[in-house]
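This report concerns only the one structure given below.
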Amino acid sequence: MSHPNSHPHFDDHGAHNWFVTLEGGVEQAKKSDRLLFVEFGRKACTDCRNLVEVLLPNVSVREQLASHFVTVAADADSDDPAILALVAQVENATTLPYIMFADAEAKLLYGFSGPCTATDLVAIMDRLIAQKH
């Protein structure tokens, strides 16, 4: 399925409908009763590219994100205070990408930095979905 809002830096093969502001993502999360998935990276980041182009289109990851999350792509060079406030809450974040999960009020539920696997992402999402219900 292709979405009208593609990722601003990378080709996720139409897997997700990306918001480029936290405000837009929060509004959609409230309307759809979903959680937020926020990718904080930059175009020159190899691990960011791998996350968006390889891991997120993975069938198991894609299905979880599409069913339970609103996806937000935040640029690491952004000066958006809402994004920066969320990023500041991720403990020991040292390398891009930062991956953050938040509720529909943009309250951080879980966040980490650096590369990950599809298995890791699915396990985290499963846990957060279970906690929501």
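Identifiers in the structure tokens: chain A, B, ... in order shown; residue index from 1 per chain; ligand index from 1 in order shown.
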
Quiz item: Which residues, written as a list in words, have at least one atom at most 12 Å from Val122 (chain A), with only C-alpha atoms counted and residues fewer than 4 positions away on the same chain left out?
Solution: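 Counting only C-alpha atoms, the residues come to Leu55, Leu56, Asn58, Val59, Ser60, Val61, Arg62, Glu63, Gln64, Leu65, His68, Cys116, Thr117, Ala118, Asp126, Arg127, Leu128 and Ile129 of chain A.
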
Exercise. Excluding Arg34 (chain A) and residues on its chain fewer than 4 positions from it, collect all residues at most 12 Å away from it, counting only C-alpha atoms, and give them as a list in words.
Key: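 Result of the neighbour search: Gly25, Val26, Glu27, Gln28, Ala29, Lys30, Gln64, Leu65, Ala66, Ser67, His68, Phe69, Val70, Thr71, Phe101, Ala102, Asp103, Ala104, Glu105, Ala106, Met125, Leu128, Ile129, Lys132 and His133 of chain A.
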
Quiz prompt | DSSP strand (DSSP E or B) residues within chain A, listed as a list in words | solution =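 The residues of chain A classed as strand (DSSP E or B) are Trp18, Phe19, Leu35, Leu36, Phe37, Val38, Glu39, Phe40, Gly41, Phe69, Val70, Thr71, Val72, Ala73, Ala74, Asp75, Tyr98, Ile99, Met100, Phe101, Ala102, Leu108, Leu109, Tyr110, Gly111, Phe112 and Ser113 of chain A.
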
Selection above as a file: C-alpha atoms, as a PDB file, in the first residue's frame:
ATOM      1  CA  TRP A  18       4.766   9.851   7.630  1.00  0.00           C
ATOM      2  CA  PHE A  19       4.089  13.038   9.531  1.00  0.00           C
ATOM      3  CA  LEU A  35       0.503   5.465  19.792  1.00  0.00           C
ATOM      4  CA  LEU A  36       3.326   7.452  18.188  1.00  0.00           C
ATOM      5  CA  PHE A  37       6.466   6.061  16.579  1.00  0.00           C
ATOM      6  CA  VAL A  38       9.017   8.849  16.132  1.00  0.00           C
ATOM      7  CA  GLU A  39      12.166   8.380  14.046  1.00  0.00           C
ATOM      8  CA  PHE A  40      14.748  11.107  14.741  1.00  0.00           C
ATOM      9  CA  GLY A  41      17.533  11.020  12.196  1.00  0.00           C
ATOM     10  CA  PHE A  69       1.116   3.600  15.565  1.00  0.00           C
ATOM     11  CA  VAL A  70       1.278   6.933  13.803  1.00  0.00           C
ATOM     12  CA  THR A  71       4.711   7.412  12.231  1.00  0.00           C
ATOM     13  CA  VAL A  72       6.597  10.688  12.607  1.00  0.00           C
ATOM     14  CA  ALA A  73       9.887  11.479  10.853  1.00  0.00           C
ATOM     15  CA  ALA A  74      11.811  14.143  12.745  1.00  0.00           C
ATOM     16  CA  ASP A  75      14.966  15.695  11.338  1.00  0.00           C
ATOM     17  CA  TYR A  98      16.781   7.891  17.986  1.00  0.00           C
ATOM     18  CA  ILE A  99      13.618   5.803  18.058  1.00  0.00           C
ATOM     19  CA  MET A 100      10.894   6.988  20.361  1.00  0.00           C
ATOM     20  CA  PHE A 101       7.495   5.599  21.232  1.00  0.00           C
ATOM     21  CA  ALA A 102       4.991   7.970  22.817  1.00  0.00           C
ATOM     22  CA  LEU A 108       7.528   9.296  26.026  1.00  0.00           C
ATOM     23  CA  LEU A 109       6.815   5.621  26.722  1.00  0.00           C
ATOM     24  CA  TYR A 110      10.120   4.196  25.526  1.00  0.00           C
ATOM     25  CA  GLY A 111      13.099   5.393  23.536  1.00  0.00           C
ATOM     26  CA  PHE A 112      16.554   4.275  22.467  1.00  0.00           C
ATOM     27  CA  SER A 113      19.274   5.242  20.041  1.00  0.00           C
TER      28      SER A 113
END

Exercise. Could you check which of A:Ser6, A:Thr21, A:Ser32, A:Ser78 is closest to Val52 (chain A), using only C-alpha atoms?
Key: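 Looking at the shortest contact to Val52 (chain A), the residue is A:Ser6.
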
Quiz item: Could you work out how far CA of Ala76 (chain A) lies from CA of Leu96 (chain A), giving the answer in Å with one decimal?
Solution: 8.4 Å
